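Asks: Below you'll find structure_16.cif; it's mmCIF, C-alpha atoms.
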```cif
data_protein
loop_
_atom_site.group_PDB
_atom_site.id
_atom_site.type_symbol
_atom_site.label_atom_id
_atom_site.label_comp_id
_atom_site.auth_asym_id
_atom_site.auth_seq_id
_atom_site.Cartn_x
_atom_site.Cartn_y
_atom_site.Cartn_z
ATOM 1 C CA MET A 1 58.204 -113.795 -38.065
ATOM 2 C CA PHE A 2 57.034 -112.920 -34.694
ATOM 3 C CA HIS A 3 53.480 -112.282 -34.665
ATOM 4 C CA VAL A 4 52.378 -109.738 -32.229
ATOM 5 C CA PRO A 5 49.171 -110.566 -30.663
ATOM 6 C CA PRO A 6 46.442 -108.034 -30.960
ATOM 7 C CA SER A 7 46.387 -107.634 -27.236
ATOM 8 C CA TRP A 8 50.031 -106.505 -27.259
ATOM 9 C CA SER A 9 49.517 -103.926 -29.913
ATOM 10 C CA SER A 10 46.580 -102.554 -28.030
ATOM 11 C CA ALA A 11 48.615 -102.470 -24.843
ATOM 12 C CA ARG A 12 51.447 -100.666 -26.604
ATOM 13 C CA SER A 13 49.121 -98.088 -27.990
ATOM 14 C CA LEU A 14 47.640 -97.608 -24.566
ATOM 15 C CA THR A 15 51.097 -97.244 -23.030
ATOM 16 C CA SER A 16 52.195 -94.722 -25.608
ATOM 17 C CA ARG A 17 48.967 -92.834 -25.097
ATOM 18 C CA HIS A 18 49.698 -92.598 -21.360
ATOM 19 C CA LEU A 19 53.310 -91.642 -21.921
ATOM 20 C CA VAL A 20 52.322 -88.774 -24.105
ATOM 21 C CA ARG A 21 50.391 -87.239 -21.190
ATOM 22 C CA PHE A 22 53.639 -87.151 -19.131
ATOM 23 C CA LEU A 23 55.700 -85.391 -21.795
ATOM 24 C CA SER A 24 56.294 -81.611 -21.243
ATOM 25 C CA THR A 25 55.544 -79.471 -24.232
ATOM 26 C CA PRO A 26 56.184 -75.708 -24.315
ATOM 27 C CA VAL A 27 53.017 -73.725 -23.883
ATOM 28 C CA PRO A 28 52.943 -70.370 -25.629
ATOM 29 C CA ALA A 29 52.434 -67.417 -23.294
ATOM 30 C CA PRO A 30 48.906 -66.060 -23.451
ATOM 31 C CA LYS A 31 48.555 -62.831 -25.264
ATOM 32 C CA PRO A 32 47.446 -59.962 -23.032
ATOM 33 C CA ARG A 33 43.862 -59.143 -23.650
ATOM 34 C CA PRO A 34 42.811 -55.492 -23.789
ATOM 35 C CA ALA A 35 41.117 -54.347 -20.617
ATOM 36 C CA PRO A 36 37.366 -54.185 -21.002
ATOM 37 C CA PRO A 37 36.059 -50.638 -21.289
ATOM 38 C CA ALA A 38 34.888 -49.108 -18.047
ATOM 39 C CA PRO A 39 31.133 -49.182 -17.718
ATOM 40 C CA ALA A 40 29.467 -45.875 -18.447
ATOM 41 C CA PRO A 41 28.288 -44.112 -15.294
ATOM 42 C CA ALA A 42 24.612 -44.420 -14.670
ATOM 43 C CA PRO A 43 22.714 -41.231 -15.513
ATOM 44 C CA HIS A 44 22.160 -39.066 -12.433
ATOM 45 C CA LYS A 45 18.562 -39.072 -11.375
ATOM 46 C CA HIS A 46 17.303 -35.827 -9.929
ATOM 47 C CA LYS A 47 15.820 -36.188 -6.512
ATOM 48 C CA LEU A 48 12.139 -35.481 -6.593
ATOM 49 C CA ASP A 49 10.582 -33.550 -3.788
ATOM 50 C CA LEU A 50 7.161 -34.839 -2.975
ATOM 51 C CA ARG A 51 6.092 -31.405 -1.708
ATOM 52 C CA PRO A 52 8.145 -28.882 -3.642
ATOM 53 C CA ALA A 53 7.917 -25.269 -2.583
ATOM 54 C CA PRO A 54 6.718 -22.743 -5.162
ATOM 55 C CA ILE A 55 9.587 -21.597 -7.331
ATOM 56 C CA LYS A 56 10.198 -17.895 -7.045
ATOM 57 C CA PRO A 57 10.510 -16.463 -10.556
ATOM 58 C CA SER A 58 13.601 -14.498 -11.325
ATOM 59 C CA ARG A 59 13.319 -10.787 -11.854
ATOM 60 C CA ALA A 60 14.532 -11.067 -15.442
ATOM 61 C CA SER A 61 11.789 -13.575 -16.282
ATOM 62 C CA THR A 62 8.976 -11.466 -14.883
ATOM 63 C CA VAL A 63 9.927 -8.085 -16.292
ATOM 64 C CA SER A 64 10.643 -7.598 -19.941
ATOM 65 C CA ALA A 65 11.454 -4.552 -21.957
ATOM 66 C CA THR A 66 8.270 -4.945 -23.988
ATOM 67 C CA HIS A 67 5.988 -5.348 -20.998
ATOM 68 C CA VAL A 68 3.139 -2.875 -21.083
ATOM 69 C CA PRO A 69 0.563 -2.930 -18.254
ATOM 70 C CA LEU A 70 -2.955 -3.366 -19.497
ATOM 71 C CA LYS A 71 -4.486 -1.502 -16.538
ATOM 72 C CA ALA A 72 -3.040 1.047 -14.200
ATOM 73 C CA THR A 73 -2.439 -0.233 -10.722
ATOM 74 C CA VAL A 74 -4.833 1.628 -8.450
ATOM 75 C CA PRO A 75 -5.123 1.096 -4.727
ATOM 76 C CA SER A 76 -8.613 -0.175 -4.062
ATOM 77 C CA PRO A 77 -10.661 2.135 -1.807
ATOM 78 C CA ALA A 78 -11.973 -0.886 0.034
ATOM 79 C CA GLN A 79 -8.498 -1.882 1.081
ATOM 80 C CA SER A 80 -7.371 -0.082 4.180
ATOM 81 C CA ASP A 81 -3.833 1.082 4.622
ATOM 82 C CA SER A 82 -1.458 -1.012 6.619
ATOM 83 C CA ALA A 83 -1.812 -0.252 10.296
ATOM 84 C CA PRO A 84 1.041 1.946 11.539
ATOM 85 C CA SER A 85 3.034 0.727 14.479
ATOM 86 C CA LEU A 86 2.893 2.286 17.919
ATOM 87 C CA ARG A 87 6.220 3.956 17.244
ATOM 88 C CA ASP A 88 4.833 5.615 14.107
ATOM 89 C CA VAL A 89 1.786 6.860 16.011
ATOM 90 C CA LYS A 90 3.981 8.350 18.733
ATOM 91 C CA ALA A 91 6.203 9.994 16.133
ATOM 92 C CA ALA A 92 3.150 11.470 14.363
ATOM 93 C CA ALA A 93 1.779 12.812 17.658
ATOM 94 C CA ARG A 94 5.174 14.334 18.472
ATOM 95 C CA ARG A 95 5.320 16.061 15.079
ATOM 96 C CA ASP A 96 1.761 17.363 15.510
ATOM 97 C CA ILE A 97 2.670 18.947 18.848
ATOM 98 C CA GLU A 98 5.896 20.456 17.499
ATOM 99 C CA ASP A 99 4.047 21.902 14.496
ATOM 100 C CA ALA A 100 1.355 23.363 16.775
ATOM 101 C CA GLU A 101 4.052 24.953 18.929
ATOM 102 C CA ALA A 102 5.673 26.423 15.821
ATOM 103 C CA HIS A 103 2.327 27.943 14.732
ATOM 104 C CA GLY A 104 1.621 29.346 18.197
ATOM 105 C CA VAL A 105 -1.356 27.075 18.809
ATOM 106 C CA LEU A 106 0.386 25.451 21.777
ATOM 107 C CA LYS A 107 2.827 27.109 24.136
ATOM 108 C CA PRO A 108 6.266 25.438 23.969
ATOM 109 C CA PRO A 109 7.855 24.152 27.183
ATOM 110 C CA PRO A 110 10.303 26.486 28.990
ATOM 111 C CA GLU A 111 13.954 26.262 28.026
ATOM 112 C CA GLY A 112 16.052 23.911 30.108
ATOM 113 C CA ALA A 113 13.073 21.825 31.244
ATOM 114 C CA ASN A 114 13.829 18.152 31.838
ATOM 115 C CA TRP A 115 11.870 15.290 30.314
ATOM 116 C CA PHE A 116 9.286 15.109 33.099
ATOM 117 C CA LYS A 117 8.550 18.839 33.143
ATOM 118 C CA SER A 118 8.460 19.011 29.347
ATOM 119 C CA THR A 119 6.046 16.073 29.082
ATOM 120 C CA LEU A 120 3.808 17.470 31.831
ATOM 121 C CA HIS A 121 3.806 20.899 30.161
ATOM 122 C CA LYS A 122 2.757 19.413 26.798
ATOM 123 C CA ALA A 123 -0.031 17.389 28.400
ATOM 124 C CA ILE A 124 -1.386 20.475 30.128
ATOM 125 C CA GLU A 125 -1.225 22.537 26.924
ATOM 126 C CA ILE A 126 -3.072 19.870 24.941
ATOM 127 C CA ALA A 127 -5.744 19.671 27.647
ATOM 128 C CA LYS A 128 -6.130 23.459 27.461
ATOM 129 C CA PHE A 129 -6.416 23.267 23.675
ATOM 130 C CA TYR A 130 -9.224 20.713 23.871
ATOM 131 C CA TYR A 131 -10.962 22.705 26.610
ATOM 132 C CA ARG A 132 -10.858 25.929 24.589
ATOM 133 C CA GLY A 133 -12.070 24.096 21.466
ATOM 134 C CA THR A 134 -14.986 22.542 23.300
ATOM 135 C CA LYS A 135 -15.884 25.850 24.940
ATOM 136 C CA LEU A 136 -15.851 27.569 21.534
ATOM 137 C CA ILE A 137 -18.510 25.180 20.258
ATOM 138 C CA PHE A 138 -20.922 26.225 23.004
ATOM 139 C CA THR A 139 -20.102 29.943 22.823
ATOM 140 C CA ARG A 140 -20.662 29.988 19.051
ATOM 141 C CA ARG A 141 -24.314 29.232 19.608
ATOM 142 C CA LYS A 142 -24.868 32.822 20.710
ATOM 143 C CA GLU A 143 -23.345 34.142 17.511
ATOM 144 C CA ILE A 144 -25.453 31.789 15.392
ATOM 145 C CA ASN A 145 -28.613 32.763 17.249
ATOM 146 C CA LEU A 146 -27.871 36.422 16.483
ATOM 147 C CA ILE A 147 -27.417 35.597 12.797
ATOM 148 C CA ARG A 148 -30.725 33.800 12.627
ATOM 149 C CA ALA A 149 -32.500 36.567 14.505
ATOM 150 C CA ARG A 150 -31.117 39.157 12.074
ATOM 151 C CA ILE A 151 -32.294 37.211 9.034
ATOM 152 C CA LYS A 152 -35.706 36.605 10.604
ATOM 153 C CA ALA A 153 -36.102 40.327 11.291
ATOM 154 C CA GLY A 154 -35.429 41.123 7.604
ATOM 155 C CA GLY A 155 -31.857 42.324 8.020
ATOM 156 C CA SER A 156 -28.893 41.725 5.712
ATOM 157 C CA PRO A 157 -29.007 38.392 3.892
ATOM 158 C CA LEU A 158 -27.024 35.380 4.957
ATOM 159 C CA THR A 159 -23.399 35.399 3.783
ATOM 160 C CA ARG A 160 -21.399 32.392 2.652
ATOM 161 C CA SER A 161 -19.149 32.440 5.712
ATOM 162 C CA GLU A 162 -22.199 32.516 8.009
ATOM 163 C CA PHE A 163 -23.851 29.716 6.069
ATOM 164 C CA ARG A 164 -20.779 27.506 6.389
ATOM 165 C CA LEU A 165 -20.391 28.415 10.073
ATOM 166 C CA ILE A 166 -23.940 27.231 10.811
ATOM 167 C CA ARG A 167 -23.296 23.965 8.963
ATOM 168 C CA THR A 168 -20.007 23.393 10.819
ATOM 169 C CA GLN A 169 -21.657 24.185 14.160
ATOM 170 C CA ARG A 170 -24.383 21.614 13.525
ATOM 171 C CA SER A 171 -21.753 18.969 12.800
ATOM 172 C CA ASP A 172 -19.626 19.884 15.839
ATOM 173 C CA MET A 173 -22.589 19.688 18.198
ATOM 174 C CA ASN A 174 -23.127 16.074 17.153
ATOM 175 C CA LYS A 175 -19.468 15.243 17.865
ATOM 176 C CA VAL A 176 -18.719 17.164 21.058
ATOM 177 C CA VAL A 177 -20.310 14.789 23.576
ATOM 178 C CA PRO A 178 -18.506 11.608 22.389
ATOM 179 C CA PHE A 179 -15.283 13.598 22.077
ATOM 180 C CA LEU A 180 -15.545 14.891 25.655
ATOM 181 C CA PHE A 181 -16.088 11.352 26.893
ATOM 182 C CA ILE A 182 -12.946 10.146 25.090
ATOM 183 C CA ALA A 183 -10.866 13.183 26.091
ATOM 184 C CA LEU A 184 -11.676 12.768 29.779
ATOM 185 C CA LEU A 185 -11.108 9.010 29.956
ATOM 186 C CA LEU A 186 -8.668 8.121 27.177
ATOM 187 C CA GLU A 187 -6.952 11.292 26.061
ATOM 188 C CA GLU A 188 -3.913 9.383 24.777
ATOM 189 C CA ILE A 189 -5.915 7.685 21.982
ATOM 190 C CA ILE A 190 -6.941 10.976 20.346
ATOM 191 C CA PRO A 191 -3.931 10.797 17.950
ATOM 192 C CA LEU A 192 -5.244 7.386 16.886
ATOM 193 C CA ILE A 193 -8.679 8.888 16.277
ATOM 194 C CA ALA A 194 -7.095 11.598 14.120
ATOM 195 C CA ILE A 195 -5.557 8.830 11.968
ATOM 196 C CA TYR A 196 -8.318 6.202 11.820
ATOM 197 C CA ALA A 197 -11.567 8.084 12.566
ATOM 198 C CA PRO A 198 -11.069 11.817 11.891
ATOM 199 C CA PHE A 199 -14.822 12.269 11.436
ATOM 200 C CA MET A 200 -15.188 11.926 15.229
ATOM 201 C CA LEU A 201 -13.151 15.079 15.960
ATOM 202 C CA PRO A 202 -14.883 18.476 16.218
ATOM 203 C CA SER A 203 -13.450 21.111 13.905
ATOM 204 C CA THR A 204 -12.266 23.197 16.890
ATOM 205 C CA CYS A 205 -10.192 20.338 18.380
ATOM 206 C CA ILE A 206 -7.950 19.499 15.421
ATOM 207 C CA LEU A 207 -4.318 20.602 15.309
ATOM 208 C CA PRO A 208 -3.045 22.241 12.075
ATOM 209 C CA SER A 209 -0.920 19.268 10.957
ATOM 210 C CA GLN A 210 -3.763 16.890 11.773
ATOM 211 C CA ARG A 211 -6.048 18.960 9.550
ATOM 212 C CA GLU A 212 -3.562 18.752 6.683
ATOM 213 C CA ARG A 213 -3.223 14.997 7.091
ATOM 214 C CA ILE A 214 -7.007 14.516 7.173
ATOM 215 C CA ASP A 215 -7.464 16.601 4.012
ATOM 216 C CA ALA A 216 -4.672 14.728 2.237
ATOM 217 C CA LYS A 217 -6.214 11.345 3.074
ATOM 218 C CA ARG A 218 -9.611 12.499 1.829
ATOM 219 C CA ALA A 219 -8.084 13.689 -1.437
ATOM 220 C CA ASP A 220 -6.220 10.403 -1.925
ATOM 221 C CA LYS A 221 -9.381 8.430 -1.224
ATOM 222 C CA ALA A 222 -11.383 10.488 -3.725
ATOM 223 C CA THR A 223 -8.697 9.960 -6.372
ATOM 224 C CA ALA A 224 -8.720 6.213 -5.741
ATOM 225 C CA PHE A 225 -12.509 6.119 -6.091
ATOM 226 C CA ALA A 226 -12.377 8.116 -9.340
ATOM 227 C CA LEU A 227 -9.968 5.609 -10.897
ATOM 228 C CA GLU A 228 -11.406 2.419 -9.418
ATOM 229 C CA TYR A 229 -15.022 3.162 -10.369
ATOM 230 C CA ARG A 230 -14.380 4.796 -13.710
ATOM 231 C CA HIS A 231 -16.685 2.337 -15.486
ATOM 232 C CA ILE A 232 -19.551 3.264 -13.138
ATOM 233 C CA PHE A 233 -19.102 6.968 -13.857
ATOM 234 C CA ASN A 234 -19.223 6.185 -17.582
ATOM 235 C CA LEU A 235 -22.537 4.390 -17.049
ATOM 236 C CA LEU A 236 -23.887 7.339 -15.044
ATOM 237 C CA LYS A 237 -22.804 9.643 -17.865
ATOM 238 C CA GLN A 238 -24.862 7.580 -20.298
ATOM 239 C CA ALA A 239 -27.877 7.763 -17.961
ATOM 240 C CA GLU A 240 -28.109 11.575 -18.171
ATOM 241 C CA SER A 241 -31.643 12.741 -18.883
ATOM 242 C CA PRO A 242 -31.606 15.605 -19.817
ATOM 243 C CA PRO A 243 -27.879 16.228 -20.407
ATOM 244 C CA GLY A 244 -26.201 17.355 -17.192
ATOM 245 C CA HIS A 245 -28.839 15.736 -14.957
ATOM 246 C CA ILE A 246 -28.702 12.208 -13.549
ATOM 247 C CA PRO A 247 -31.907 10.691 -12.115
ATOM 248 C CA LEU A 248 -31.797 9.307 -8.585
ATOM 249 C CA THR A 249 -32.840 5.912 -9.897
ATOM 250 C CA ALA A 250 -29.422 5.621 -11.568
ATOM 251 C CA LEU A 251 -27.777 5.694 -8.127
ATOM 252 C CA LYS A 252 -29.564 2.470 -7.182
ATOM 253 C CA SER A 253 -27.411 0.403 -9.529
ATOM 254 C CA THR A 254 -24.656 -1.710 -8.029
ATOM 255 C CA GLY A 255 -21.815 0.432 -6.644
ATOM 256 C CA ALA A 256 -23.159 3.749 -7.997
ATOM 257 C CA SER A 257 -23.971 5.384 -4.652
ATOM 258 C CA LEU A 258 -20.697 4.137 -3.182
ATOM 259 C CA ALA A 259 -18.686 5.620 -6.051
ATOM 260 C CA VAL A 260 -20.437 8.996 -5.899
ATOM 261 C CA CYS A 261 -20.051 9.249 -2.104
ATOM 262 C CA GLY A 262 -16.347 8.462 -2.428
ATOM 263 C CA ILE A 263 -15.668 11.088 -5.064
ATOM 264 C CA LEU A 264 -17.650 13.721 -3.131
ATOM 265 C CA ARG A 265 -15.566 12.964 0.003
ATOM 266 C CA ILE A 266 -18.538 12.090 2.166
ATOM 267 C CA SER A 267 -19.058 8.965 4.259
ATOM 268 C CA THR A 268 -19.441 5.709 2.324
ATOM 269 C CA VAL A 269 -20.674 3.695 5.330
ATOM 270 C CA GLY A 270 -24.091 2.092 5.197
ATOM 271 C CA ILE A 271 -26.549 0.768 2.642
ATOM 272 C CA ASP A 272 -27.608 2.395 -0.616
ATOM 273 C CA PRO A 273 -30.637 4.328 0.762
ATOM 274 C CA LEU A 274 -28.439 5.973 3.424
ATOM 275 C CA ARG A 275 -25.742 6.856 0.898
ATOM 276 C CA ILE A 276 -28.306 8.259 -1.545
ATOM 277 C CA ARG A 277 -29.724 10.426 1.249
ATOM 278 C CA ARG A 278 -26.237 11.743 2.019
ATOM 279 C CA ILE A 279 -25.723 12.545 -1.661
ATOM 280 C CA GLN A 280 -29.013 14.475 -1.790
ATOM 281 C CA ASN A 281 -28.137 16.500 1.320
ATOM 282 C CA HIS A 282 -24.654 17.213 0.027
ATOM 283 C CA LEU A 283 -25.950 18.374 -3.361
ATOM 284 C CA LYS A 284 -28.421 20.702 -1.632
ATOM 285 C CA PHE A 285 -25.526 22.164 0.327
ATOM 286 C CA ILE A 286 -23.498 22.615 -2.875
ATOM 287 C CA ALA A 287 -26.426 24.357 -4.622
ATOM 288 C CA GLU A 288 -26.808 26.852 -1.752
ATOM 289 C CA ASP A 289 -23.056 27.369 -1.579
ATOM 290 C CA ASP A 290 -22.946 28.140 -5.309
ATOM 291 C CA GLN A 291 -25.655 30.776 -4.924
ATOM 292 C CA LEU A 292 -23.806 32.419 -2.031
ATOM 293 C CA LEU A 293 -20.528 32.402 -3.958
ATOM 294 C CA ILE A 294 -22.227 34.353 -6.732
ATOM 295 C CA GLN A 295 -24.131 36.583 -4.289
ATOM 296 C CA ASP A 296 -21.025 37.583 -2.331
ATOM 297 C CA ARG A 297 -18.881 37.815 -5.494
ATOM 298 C CA LEU A 298 -16.201 35.600 -4.005
ATOM 299 C CA LEU A 299 -15.181 33.666 -7.102
ATOM 300 C CA ASP A 300 -12.257 35.997 -7.775
ATOM 301 C CA HIS A 301 -11.293 36.543 -4.142
ATOM 302 C CA MET A 302 -10.938 33.042 -2.735
ATOM 303 C CA THR A 303 -7.700 31.951 -1.102
ATOM 304 C CA PRO A 304 -5.938 28.852 -2.474
ATOM 305 C CA ARG A 305 -7.100 26.828 0.538
ATOM 306 C CA GLU A 306 -10.728 27.957 0.109
ATOM 307 C CA LEU A 307 -10.587 27.163 -3.602
ATOM 308 C CA GLU A 308 -9.120 23.714 -2.976
ATOM 309 C CA GLU A 309 -11.784 22.995 -0.366
ATOM 310 C CA ALA A 310 -14.600 24.116 -2.678
ATOM 311 C CA LEU A 311 -13.334 21.983 -5.547
ATOM 312 C CA GLY A 312 -12.978 18.949 -3.304
ATOM 313 C CA GLU A 313 -16.544 19.288 -2.048
ATOM 314 C CA ARG A 314 -17.709 19.262 -5.668
ATOM 315 C CA GLY A 315 -15.752 16.145 -6.574
ATOM 316 C CA MET A 316 -13.049 17.940 -8.545
#
```
Mind turning the file's structure into structure tokens?
Replies:
Amino acid sequence: MFHVPPSWSSARSLTSRHLVRFLSTPVPAPKPRPAPPAPAPAPHKHKLDLRPAPIKPSRASTVSATHVPLKATVPSPAQSDSAPSLRDVKAAARRDIEDAEAHGVLKPPPEGANWFKSTLHKAIEIAKFYYRGTKLIFTRRKEINLIRARIKAGGSPLTRSEFRLIRTQRSDMNKVVPFLFIALLLEEIIPLIAIYAPFMLPSTCILPSQRERIDAKRADKATAFALEYRHIFNLLKQAESPPGHIPLTALKSTGASLAVCGILRISTVGIDPLRIRRIQNHLKFIAEDDQLLIQDRLLDHMTPRELEEALGERGM
């Protein structure tokens, strides 16, 4: 028996081990793996604005069907109206002139006149109107002197119309000199004065439509004061002593004199002592006017304009 040395058997095993590496064995095809799911998109991050503008609320979010205002919206008397443009001022001046021509206060331009002749004619007519109004203020002094002389001599008593004429004349005499200065140097700004400072115009130099506009603005201002300072009037009502009489000391409270001046349609400019003095003078005028209304028996014979004026002077 041939004995195989151990080294041979180990060599044969090594050879067979190497031969096995060279043999080709079928390799099964790899099974297709399912594609991995697509990654979920990253959540979109809203871009933050470091200085965002204020968001304008929608109309539906600000107004609801159940919304009830707690306080009526009232234009504050202290807030002035928005300044009209130059075009609006020119349009108002044009309407004032046309209305004065329609009422016969100013003579209309001749038919067929061109723009230059028409403009020159209107300027001359307005200058005549201011001249006649200023002249009337000085000529009325003779009439007022005759009234005072008659009363001093023991003649017929003073009538309401004469009383109001004397008061108007006193006011016009204080305004005529500044008005003449403005009319001679800057006549074109008189429409602006009629809008912004009507208290500077004498009563004889106001066109009819300007008078209506001034009265309407005074009425609107008095209404605004009555609503804005309602709480002050309630406090003045509680301060009555006796009923129907308010002491002057009550007008020294904050805003009281301003509210009363506004509702009486007199000037609200100045400090409390000046406003209180105006209120006293105005109430004296009202007391005398009431006596003359009863004396002349005019309560049942006043025109609608006279009645409206009398009520406005009394804060009604």
Asks: I need the residue set behind the PyMOL selection byres ((chain A and resi 271) around 12) for this file; please write it as number ranges by chain.
Replies: A: 251-252, 254-258, 261, 267-270, 272-278
Asks: For Val89 (chain A), which residue among A:Pro110, A:Pro191, A:Gly315, A:Gly154 is the nearest when counting all atoms listed in the file?
Replies: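 Of A:Pro110, A:Pro191, A:Gly315, A:Gly154, the one nearest Val89 (chain A), counting all atoms listed in the file, is A:Pro191.
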Asks: CA of Thr223 (chain A) and CA of Phe285 (chain A), how far apart in Å?
Replies: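 Going from CA of Phe285 (chain A) over to CA of Thr223 (chain A), I get 21.8 Å.
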Asks: Which value, in Å to one decimal, gives the distance between CA of Arg160 (chain A) and CA of Leu293 (chain A)?
Replies: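 Here the two named atoms are 6.7 Å from each other.
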Asks: Which one is closest to Ile286 (chain A): A:Phe181, A:Phe225, A:Tyr196, A:Phe163? Count all atoms listed in the file.
Replies: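 Looking only at the distances to Ile286 (chain A), the closest residue turns out to be A:Phe163.
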Asks: Using Å and a single decimal, report how far CA of Pro202 (chain A) sits from CA of Asn174 (chain A).
Replies: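 Computed distance, CA of Asn174 (chain A) to CA of Pro202 (chain A), equals 8.6 Å.
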Asks: Using all atoms listed in the file, which of the listed residues (A:Arg148, A:Pro178, A:Arg218, A:Glu187) sits closest to Ile124 (chain A)?
Replies: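 Using all atoms listed in the file, the shortest distance to Ile124 (chain A) belongs to A:Glu187.
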Asks: Quick one: residues within 10 Å of region 305-310 of chain A, only C-alpha atoms counted, chain neighbours fewer than 5 positions away excluded, as an mmCIF file with C-alpha atoms, in the frame of the given file?
Replies:
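The file below, result28.cif, is the result:
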```cif
data_model
loop_
_atom_site.group_PDB
_atom_site.id
_atom_site.type_symbol
_atom_site.label_atom_id
_atom_site.label_comp_id
_atom_site.auth_asym_id
_atom_site.auth_seq_id
_atom_site.Cartn_x
_atom_site.Cartn_y
_atom_site.Cartn_z
ATOM 1 C CA ASP A 215 -7.464 16.601 4.012
ATOM 2 C CA ILE A 286 -23.498 22.615 -2.875
ATOM 3 C CA ASP A 289 -23.056 27.369 -1.579
ATOM 4 C CA ASP A 290 -22.946 28.140 -5.309
ATOM 5 C CA LEU A 299 -15.181 33.666 -7.102
ATOM 6 C CA ASP A 300 -12.257 35.997 -7.775
ATOM 7 C CA GLY A 315 -15.752 16.145 -6.574
ATOM 8 C CA MET A 316 -13.049 17.940 -8.545
#
```
Asks: Would you kindly return, as a PyMOL selection string, each protein, DNA or RNA residue with an atom no farther than 9 Å from any atom of Gln169 (chain A), considering only C-alpha atoms and excluding same-chain residues fewer than 2 positions away?
Replies: chain A and resi 137+140-141+144+164-167+171-174+203
Asks: For Gln210 (chain A), which residue among A:Leu192, A:Ile147, A:Leu158, A:Met302 is the nearest when counting all atoms listed in the file?
Replies: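 Looking at the shortest contact to Gln210 (chain A), the residue is A:Leu192.
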Asks: Run the PyMOL selection byres ((chain A and resi 235) around 12) against the file shown and list the residues it catches, as an NGL selection string.
Replies: :A and (229-234 or 236-240 or 246 or 250-251 or 253-256 or 259)
Asks: Output as a PDB file, in the coordinates of the input: region 174-186 of chain A, completed with N, CA and C atoms.
Replies:
```
ATOM      1  N   ASN A 174     -22.903  17.520  17.142  1.00  0.00           N
ATOM      2  CA  ASN A 174     -23.127  16.074  17.153  1.00  0.00           C
ATOM      3  C   ASN A 174     -21.878  15.305  17.593  1.00  0.00           C
ATOM      4  N   LYS A 175     -20.715  15.934  17.542  1.00  0.00           N
ATOM      5  CA  LYS A 175     -19.468  15.243  17.865  1.00  0.00           C
ATOM      6  C   LYS A 175     -18.930  15.571  19.259  1.00  0.00           C
ATOM      7  N   VAL A 176     -19.378  16.671  19.862  1.00  0.00           N
ATOM      8  CA  VAL A 176     -18.719  17.164  21.058  1.00  0.00           C
ATOM      9  C   VAL A 176     -18.907  16.234  22.260  1.00  0.00           C
ATOM     10  N   VAL A 177     -20.080  15.650  22.404  1.00  0.00           N
ATOM     11  CA  VAL A 177     -20.310  14.789  23.576  1.00  0.00           C
ATOM     12  C   VAL A 177     -19.447  13.528  23.516  1.00  0.00           C
ATOM     13  N   PRO A 178     -19.427  12.761  22.423  1.00  0.00           N
ATOM     14  CA  PRO A 178     -18.506  11.608  22.389  1.00  0.00           C
ATOM     15  C   PRO A 178     -17.041  12.008  22.532  1.00  0.00           C
ATOM     16  N   PHE A 179     -16.668  13.162  21.971  1.00  0.00           N
ATOM     17  CA  PHE A 179     -15.283  13.598  22.077  1.00  0.00           C
ATOM     18  C   PHE A 179     -14.913  13.921  23.520  1.00  0.00           C
ATOM     19  N   LEU A 180     -15.815  14.588  24.249  1.00  0.00           N
ATOM     20  CA  LEU A 180     -15.545  14.891  25.655  1.00  0.00           C
ATOM     21  C   LEU A 180     -15.380  13.615  26.470  1.00  0.00           C
ATOM     22  N   PHE A 181     -16.196  12.627  26.183  1.00  0.00           N
ATOM     23  CA  PHE A 181     -16.088  11.352  26.893  1.00  0.00           C
ATOM     24  C   PHE A 181     -14.721  10.710  26.657  1.00  0.00           C
ATOM     25  N   ILE A 182     -14.250  10.744  25.408  1.00  0.00           N
ATOM     26  CA  ILE A 182     -12.946  10.146  25.090  1.00  0.00           C
ATOM     27  C   ILE A 182     -11.820  10.988  25.680  1.00  0.00           C
ATOM     28  N   ALA A 183     -11.936  12.318  25.600  1.00  0.00           N
ATOM     29  CA  ALA A 183     -10.866  13.183  26.091  1.00  0.00           C
ATOM     30  C   ALA A 183     -10.693  13.085  27.606  1.00  0.00           C
ATOM     31  N   LEU A 184     -11.774  12.853  28.326  1.00  0.00           N
ATOM     32  CA  LEU A 184     -11.676  12.768  29.779  1.00  0.00           C
ATOM     33  C   LEU A 184     -11.153  11.412  30.254  1.00  0.00           C
ATOM     34  N   LEU A 185     -11.487  10.352  29.513  1.00  0.00           N
ATOM     35  CA  LEU A 185     -11.108   9.010  29.956  1.00  0.00           C
ATOM     36  C   LEU A 185      -9.868   8.479  29.255  1.00  0.00           C
ATOM     37  N   LEU A 186      -9.768   8.693  27.965  1.00  0.00           N
ATOM     38  CA  LEU A 186      -8.668   8.121  27.177  1.00  0.00           C
ATOM     39  C   LEU A 186      -8.084   9.183  26.260  1.00  0.00           C
TER      40      LEU A 186
END
```
